Every structure is written in C-alpha cells, then in structure tokens.
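A.B. asks: There's a structure below that I have some questions on.
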Amino acid sequence: MAQRPLSPHLSIWKWGPAMLVSILHRATGDAMALVGLPILLWWLAALASGPEAYAFFANLANSWVGYIVLVGISWSFFNHFASGIRHFVMDIGAGYAVDSNNRWSVLTTVSGFVLTAAFWAVIVLR
Amino acid sequence: MGNGTPIGRVRGLGSAHHGAEHWLQQRYTAAGNLIVVGYLVFSILLLPDMSYATVREWMAGLVPPVMIALLIVSVFWHARLGLQVLVEDYVHHRGARFGALLTLNLAAFSGAAFGLFCLARIVMNIETEAALQSAMAAAAAASAASQGGGM
Ligand code: HEM
C-alpha cells in the first residue's frame with residue numbers, strides 16, 4: 001500500500017480564516033443546542049404558566065447576566081447562520097480557491113457580528 | 001474503483017452506514033431553520049416589546065404558533081443531528097458513546113415534546129380566556145337588558 005498521509009491530520013494545522021469559521025460554526029451550533037434550546041423551552045413554559053412565571057423569566061432576561069446570555073445566543077445564531085450559508089455555497093462545489101475562500105471566510109465572521117449589532121440596535125432604539 | 005490506496009478501494013461504494021442520509025438531513029433541517037428562526041427573529045424585531053401581554057397577543061394569531069411548532073421540530077431535529085457529530089468526534093469509548101447518544105436522543109425528543117405541549121397550552125389558555133370573556137360579556141349584557149328593559 002502506498003504510504004500516503006491520511007486525513008484528518010488533527011495535529012497538523014495552523015490558524016486561517018476558514019479554520020476560524022469552521023470552529024465557530026461548531027461552537028455556536030453547540031452553544032445554541034445546549035444553552036439556547038433550554039432557554040427557548042423556559043420562555044415557552046413561562047408563557048404557558050401565566051404572568052408571574054413570565055415576569056420571573058423576564059426579570060432574569062433583563063438583568064445584566066441575562067443580556068450577556070441573550071447577546072451571546074443571538075451572536076451564535078447570526079454567526080452560525082452566516083457560516084451555514086457558506087456551507088451551502090461550498091456544498092455545491094463553489095468557493096474553494098484559496099483567495100476567495102479566505103475573503104468569504106472573513107466576510108462570514110464579520111457579518112455575524114454586524115447582524116448581531118443590527119439586531120440589538122433595532123431592539124434598543126425602537 | 002481502484003485497488004491501490006485505501007481511498008481508491010472504497011471510492012464509489014457509498015457510505016458505510018447512514019452518513020449520507022445524516023448529512024442530507026442536516027441540510028434539509030438547516031434550510032427549515034433558515035425559514036422558521038428567520039421568522040422568529042423578524043417577529044421579535046417587529047413586536048413593540050416582549051411583555052407577557054404583547055407576546056400572548058402575538059401567539060393568538062393564526063400563523064405564529066404554527067411557525068413556532070415548526071421551529072421546535074426543525075431546530076430540535078437539526079440540533080440532535082449536530083450534537084451526534086460532536087459525540088462521535090470526541091467520545092471515543094464505545095460504551096460511553098452509546099450512552100451519550102442514547103441520552104441525546106431522549107433529551108432531544110423530550111425537549112421537543114415539552115416545547116410543543118407548552119405551545120398547545122399557551123394557545124388553549126388564550127382560547128379559554130377569550131371564551132370566558134365573551135361568555136361574561138354576554139351574561140352582563142343579558143342582565144343589563146333584563147334590568148333596563150324591565151317592563
Ligand atoms: C439559519 C439557520 C441554520 C443554518 C443555515 C444551519 C446550518 C448548518 C449546517 C449546514 C450544518 C452542517 C455543518 C457540517 O456539515 O459540518 C450545521 C451544523 C450544526 N448546527 Fe446548524 N444551522 C442553522 C441553525 C441552527 C440552530 C438554531 C442550531 C441550534 C439549536 C444549530 C445547531 C447546529 C449544530 C449543533 C451543528 C453541528 C455542528 C458541528 O459540530 O458540525 N443550527 N448547521
């Protein structure tokens with residue numbers, strides 16, 4: 001058998017835009033699944049349980065810890081959303097040339113932050 | 001199919017287990033998430049606030065509870081598939097991996113069922129309250145009519 005290297009080379013890598021997008025896609029997906037979904041269920045349960053339960057949830061959500069968590073979840077979504085679209089593009093076989101791949105990777109990560117900022121700007125300013 | 005390198009020997013055989021199906025379902029549910037989570041995001045932006053009264057009024061509409069039900073199904077399914085990959089990548093002990101995947105399945109189905117039933121209860125509460133209010137209004141009107149029109 002030809003002795004060629006097999007992938008994946010978990011110990012051979014260096015930082016690059018694509019690598020950052022990949023790791024953030026996993027981290028944000030897992031964060032939404034493990035933290036975001038329980039909070040979604042909590043919100044629905046509070047809504048189903050009546051005004052007192054909802055007030056308890058809303059008070060926590062409006063505390064500074066609550067805002068850190070909610071901003072984190074919203075960033076997770078917008079980041080994962082942007083890199084998810086990037087997945088779709090790469091699934092059809094586009095965007096693998098190094099230059100454009102790097103460019104779109106940076107744009108993906110930046111747009112995650114921009115969308116999060118825009119989302120909260122609308123909420124704060126309305 | 002070649003017979004030289006390992007990749008050459010397996011190329012063209014398809015996936016060993018359910019890899020291709022898993023991959024496709026991750027995409028199908030991702031497309032679903034795009035629609036339903038996008039709907040939730042825009043709804044949050046368009047609502048004047050997130051108070052109990054406002055959100056209940058929103059949930060009284062025909063479309064929002066359906067979209068949230070779809071969101072629960074699509075997102076929990078997508079998250080189950082995604083966390084499965086996480087477990088398979090990092091939990092190497094076979095017994096522990098089996099246990100983790102078992103737990104993941106139970107948690108995903110329980111979470112989705114809980115969310116759907118909360119939603120059902122929210123809608124039923126709204127309907128019950130509306131029915132109560134119209135019954136009370138009708139009773140008040142009837143008693144007002146019997147008193148005022150007392151001939
Ligand atoms: C706009 C909506 C979304 C899109 C377009 C999207 C897209 C994707 C895609 C394409 C993958 C597959 C990545 C791969 O094959 O390597 C993925 C993985 C994943 N997604 Fe999403 N997703 C969305 C929303 C969500 C939400 C709301 C959650 C959590 C509740 C979530 C959790 C995950 C998880 C945990 C993974 C596995 C990540 C990994 O380790 O590879 N996604 N997503």
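Residue names in the structure tokens use chain letters A, B, ... in the order shown, residue numbers from 1 in each chain, and ligand numbers from 1 in the order shown.
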List the spatial neighbours of Ser105 (chain A) as a PDB file with C-alpha atoms, in the first residue's frame - criterion: any atom at most 12 Å away, only C-alpha atoms, same-chain residues fewer than 3 positions off excluded.
C.D. replies:
ATOM      1  CA  GLY A  16      -6.522  30.716   8.998  1.00  0.00           C
ATOM      2  CA  PRO A  17      -9.872  32.315   8.227  1.00  0.00           C
ATOM      3  CA  ALA A  18     -11.500  29.061   7.096  1.00  0.00           C
ATOM      4  CA  MET A  19     -10.346  27.296  10.218  1.00  0.00           C
ATOM      5  CA  LEU A  20     -11.866  30.015  12.389  1.00  0.00           C
ATOM      6  CA  VAL A  21     -15.190  29.797  10.531  1.00  0.00           C
ATOM      7  CA  SER A  22     -15.238  26.028  10.922  1.00  0.00           C
ATOM      8  CA  ILE A  23     -14.563  26.037  14.636  1.00  0.00           C
ATOM      9  CA  LEU A  24     -17.044  28.873  15.249  1.00  0.00           C
ATOM     10  CA  HIS A  25     -19.728  27.015  13.298  1.00  0.00           C
ATOM     11  CA  ASN A  79     -22.669  33.642  13.150  1.00  0.00           C
ATOM     12  CA  ALA A  82     -23.711  33.133   8.044  1.00  0.00           C
ATOM     13  CA  SER A  83     -21.392  30.126   8.135  1.00  0.00           C
ATOM     14  CA  GLY A  84     -24.369  27.862   7.383  1.00  0.00           C
ATOM     15  CA  ILE A  85     -24.975  29.797   4.152  1.00  0.00           C
ATOM     16  CA  ARG A  86     -21.262  29.416   3.433  1.00  0.00           C
ATOM     17  CA  HIS A  87     -21.705  25.659   3.908  1.00  0.00           C
ATOM     18  CA  VAL A  89     -22.251  27.506  -1.191  1.00  0.00           C
ATOM     19  CA  MET A  90     -19.355  25.107  -0.624  1.00  0.00           C
ATOM     20  CA  GLY A  95     -15.640  28.906  -3.207  1.00  0.00           C
ATOM     21  CA  TYR A  96     -12.610  26.643  -2.787  1.00  0.00           C
ATOM     22  CA  ALA A  97      -9.970  28.845  -4.455  1.00  0.00           C
ATOM     23  CA  VAL A  98      -7.700  29.989  -1.630  1.00  0.00           C
ATOM     24  CA  ASP A  99      -8.104  33.727  -2.195  1.00  0.00           C
ATOM     25  CA  SER A 100     -11.885  33.788  -2.438  1.00  0.00           C
ATOM     26  CA  ASN A 101     -12.195  31.205   0.331  1.00  0.00           C
ATOM     27  CA  ASN A 102     -10.202  33.421   2.685  1.00  0.00           C
ATOM     28  CA  THR A 108     -18.799  35.407   7.085  1.00  0.00           C
ATOM     29  CA  THR A 109     -17.309  36.042  10.510  1.00  0.00           C
ATOM     30  CA  VAL A 110     -17.661  39.811  10.219  1.00  0.00           C
ATOM     31  CA  SER A 111     -21.291  39.579   9.093  1.00  0.00           C
ATOM     32  CA  GLY A 112     -22.085  37.500  12.189  1.00  0.00           C
TER      33      GLY A 112
END
A.B. asks: Counting only C-alpha atoms and all ligand atoms, what residues are within 8 Å of ligand 1, given as a VMD selection string?
C.D. replies: (chain A and resid 22 25 to 34 36 to 37 77 to 78 80 to 88) or (chain B and resid 23 26 to 27 29 to 35 37 to 38 75 to 76 78 to 86)
A.B. asks: Any chance you can output those residues with N, CA and C atoms as a tab-separated table (two decimals), in the first residue's frame?
C.D. replies:
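Result file is result_29.tsv:
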chain	number	residue	atom	x	y	z
A	22	SER	N	-14.86	27.41	10.63
A	22	SER	CA	-15.24	26.03	10.92
A	22	SER	C	-15.45	25.81	12.42
A	25	HIS	N	-18.47	27.64	13.69
A	25	HIS	CA	-19.73	27.01	13.30
A	25	HIS	C	-20.10	25.92	14.30
A	26	ARG	N	-19.10	25.13	14.66
A	26	ARG	CA	-19.36	24.06	15.64
A	26	ARG	C	-19.67	24.65	17.01
A	27	ALA	N	-18.86	25.60	17.46
A	27	ALA	CA	-19.04	26.15	18.81
A	27	ALA	C	-20.41	26.84	18.94
A	28	THR	N	-20.79	27.62	17.91
A	28	THR	CA	-22.06	28.34	18.01
A	28	THR	C	-23.25	27.39	17.89
A	29	GLY	N	-23.13	26.37	17.03
A	29	GLY	CA	-24.21	25.37	16.92
A	29	GLY	C	-24.40	24.65	18.24
A	30	ASP	N	-23.29	24.23	18.84
A	30	ASP	CA	-23.38	23.51	20.11
A	30	ASP	C	-23.88	24.41	21.23
A	31	ALA	N	-23.47	25.67	21.22
A	31	ALA	CA	-23.94	26.60	22.25
A	31	ALA	C	-25.44	26.82	22.14
A	32	MET	N	-25.94	26.99	20.92
A	32	MET	CA	-27.38	27.17	20.75
A	32	MET	C	-28.13	25.92	21.18
A	33	ALA	N	-27.57	24.74	20.83
A	33	ALA	CA	-28.26	23.50	21.17
A	33	ALA	C	-28.27	23.27	22.68
A	34	LEU	N	-27.16	23.55	23.35
A	34	LEU	CA	-27.04	23.21	24.77
A	34	LEU	C	-27.52	24.31	25.70
A	36	GLY	N	-29.13	27.60	24.26
A	36	GLY	CA	-30.24	28.31	23.65
A	36	GLY	C	-31.55	27.54	23.72
A	37	LEU	N	-31.53	26.26	23.42
A	37	LEU	CA	-32.78	25.50	23.41
A	37	LEU	C	-33.41	25.39	24.79
A	77	PHE	N	-26.44	32.60	16.85
A	77	PHE	CA	-27.34	32.35	15.72
A	77	PHE	C	-26.84	33.04	14.46
A	78	PHE	N	-26.54	34.35	14.55
A	78	PHE	CA	-26.17	35.08	13.33
A	78	PHE	C	-24.85	34.57	12.76
A	80	HIS	N	-23.69	31.43	13.12
A	80	HIS	CA	-23.98	30.10	12.57
A	80	HIS	C	-24.79	30.21	11.29
A	81	PHE	N	-25.68	31.18	11.25
A	81	PHE	CA	-26.47	31.45	10.06
A	81	PHE	C	-25.55	31.80	8.88
A	82	ALA	N	-24.61	32.72	9.12
A	82	ALA	CA	-23.71	33.13	8.04
A	82	ALA	C	-22.82	31.97	7.60
A	83	SER	N	-22.26	31.24	8.54
A	83	SER	CA	-21.39	30.13	8.13
A	83	SER	C	-22.21	28.97	7.57
A	84	GLY	N	-23.50	28.89	7.97
A	84	GLY	CA	-24.37	27.86	7.38
A	84	GLY	C	-24.61	28.13	5.91
A	85	ILE	N	-24.82	29.42	5.56
A	85	ILE	CA	-24.97	29.80	4.15
A	85	ILE	C	-23.68	29.47	3.40
A	86	ARG	N	-22.56	29.73	4.05
A	86	ARG	CA	-21.26	29.42	3.43
A	86	ARG	C	-21.15	27.91	3.17
A	87	HIS	N	-21.68	27.11	4.13
A	87	HIS	CA	-21.70	25.66	3.91
A	87	HIS	C	-22.46	25.32	2.64
A	88	PHE	N	-23.66	25.95	2.46
A	88	PHE	CA	-24.47	25.66	1.28
A	88	PHE	C	-23.70	25.98	0.00
B	23	TRP	N	-26.02	13.60	6.60
B	23	TRP	CA	-25.53	14.84	6.00
B	23	TRP	C	-26.68	15.58	5.32
B	26	GLN	N	-29.17	17.05	7.77
B	26	GLN	CA	-28.62	18.25	8.39
B	26	GLN	C	-28.89	19.45	7.48
B	27	ARG	N	-28.79	19.23	6.16
B	27	ARG	CA	-29.07	20.33	5.20
B	27	ARG	C	-30.55	20.65	5.13
B	29	THR	N	-32.86	20.23	7.39
B	29	THR	CA	-33.29	20.93	8.59
B	29	THR	C	-32.65	22.31	8.67
B	30	ALA	N	-31.45	22.47	8.12
B	30	ALA	CA	-30.81	23.80	8.10
B	30	ALA	C	-31.65	24.75	7.27
B	31	ALA	N	-32.14	24.28	6.11
B	31	ALA	CA	-32.99	25.12	5.27
B	31	ALA	C	-34.28	25.47	6.02
B	32	GLY	N	-34.83	24.50	6.74
B	32	GLY	CA	-36.02	24.76	7.55
B	32	GLY	C	-35.73	25.80	8.62
B	33	ASN	N	-34.59	25.65	9.30
B	33	ASN	CA	-34.21	26.60	10.35
B	33	ASN	C	-34.13	28.01	9.81
B	34	LEU	N	-33.58	28.11	8.61
B	34	LEU	CA	-33.44	29.41	7.95
B	34	LEU	C	-34.79	30.12	7.93
B	35	ILE	N	-35.84	29.39	7.58
B	35	ILE	CA	-37.18	29.98	7.47
B	35	ILE	C	-37.78	30.26	8.85
B	37	VAL	N	-36.50	30.15	12.07
B	37	VAL	CA	-35.78	31.03	13.01
B	37	VAL	C	-35.76	32.45	12.45
B	38	GLY	N	-35.65	32.56	11.12
B	38	GLY	CA	-35.75	33.89	10.50
B	38	GLY	C	-37.08	34.54	10.84
B	75	VAL	N	-35.61	22.70	14.56
B	75	VAL	CA	-34.40	23.03	15.29
B	75	VAL	C	-33.95	21.88	16.21
B	76	PHE	N	-34.91	21.22	16.87
B	76	PHE	CA	-34.50	20.10	17.72
B	76	PHE	C	-33.94	18.95	16.90
B	78	HIS	N	-32.41	19.27	13.95
B	78	HIS	CA	-31.11	19.76	13.49
B	78	HIS	C	-30.07	19.69	14.62
B	79	ALA	N	-30.49	20.09	15.82
B	79	ALA	CA	-29.56	20.08	16.96
B	79	ALA	C	-29.20	18.64	17.35
B	80	ARG	N	-30.16	17.74	17.27
B	80	ARG	CA	-29.88	16.33	17.56
B	80	ARG	C	-28.83	15.79	16.61
B	81	LEU	N	-28.98	16.07	15.32
B	81	LEU	CA	-28.01	15.63	14.32
B	81	LEU	C	-26.65	16.26	14.59
B	82	GLY	N	-26.65	17.55	14.92
B	82	GLY	CA	-25.40	18.26	15.15
B	82	GLY	C	-24.67	17.76	16.38
B	83	LEU	N	-25.40	17.53	17.46
B	83	LEU	CA	-24.75	17.06	18.68
B	83	LEU	C	-24.28	15.61	18.53
B	84	GLN	N	-24.95	14.85	17.67
B	84	GLN	CA	-24.50	13.48	17.40
B	84	GLN	C	-23.08	13.51	16.84
B	85	VAL	N	-22.83	14.45	15.91
B	85	VAL	CA	-21.50	14.57	15.32
B	85	VAL	C	-20.46	14.93	16.40
B	86	LEU	N	-20.89	15.81	17.31
B	86	LEU	CA	-19.99	16.21	18.40
B	86	LEU	C	-19.60	14.98	19.24
A.B. asks: Please check the contacts: residues of chain B at most 8 Å away from chain A, using only C-alpha atoms, listed as a PyMOL selection string.
C.D. replies: chain B and resi 4-6+30+34+45+48+51-52+56+76+79+82-83+111+114-115+118-119+121-122+125
A.B. asks: For Trp75 (chain A), work out the shell of residues within 8 Å, counting only C-alpha atoms and skipping chain neighbours fewer than 6 positions away, then give it as an MDAnalysis selection string.
C.D. replies: chainID A and resid 112:113 115:116
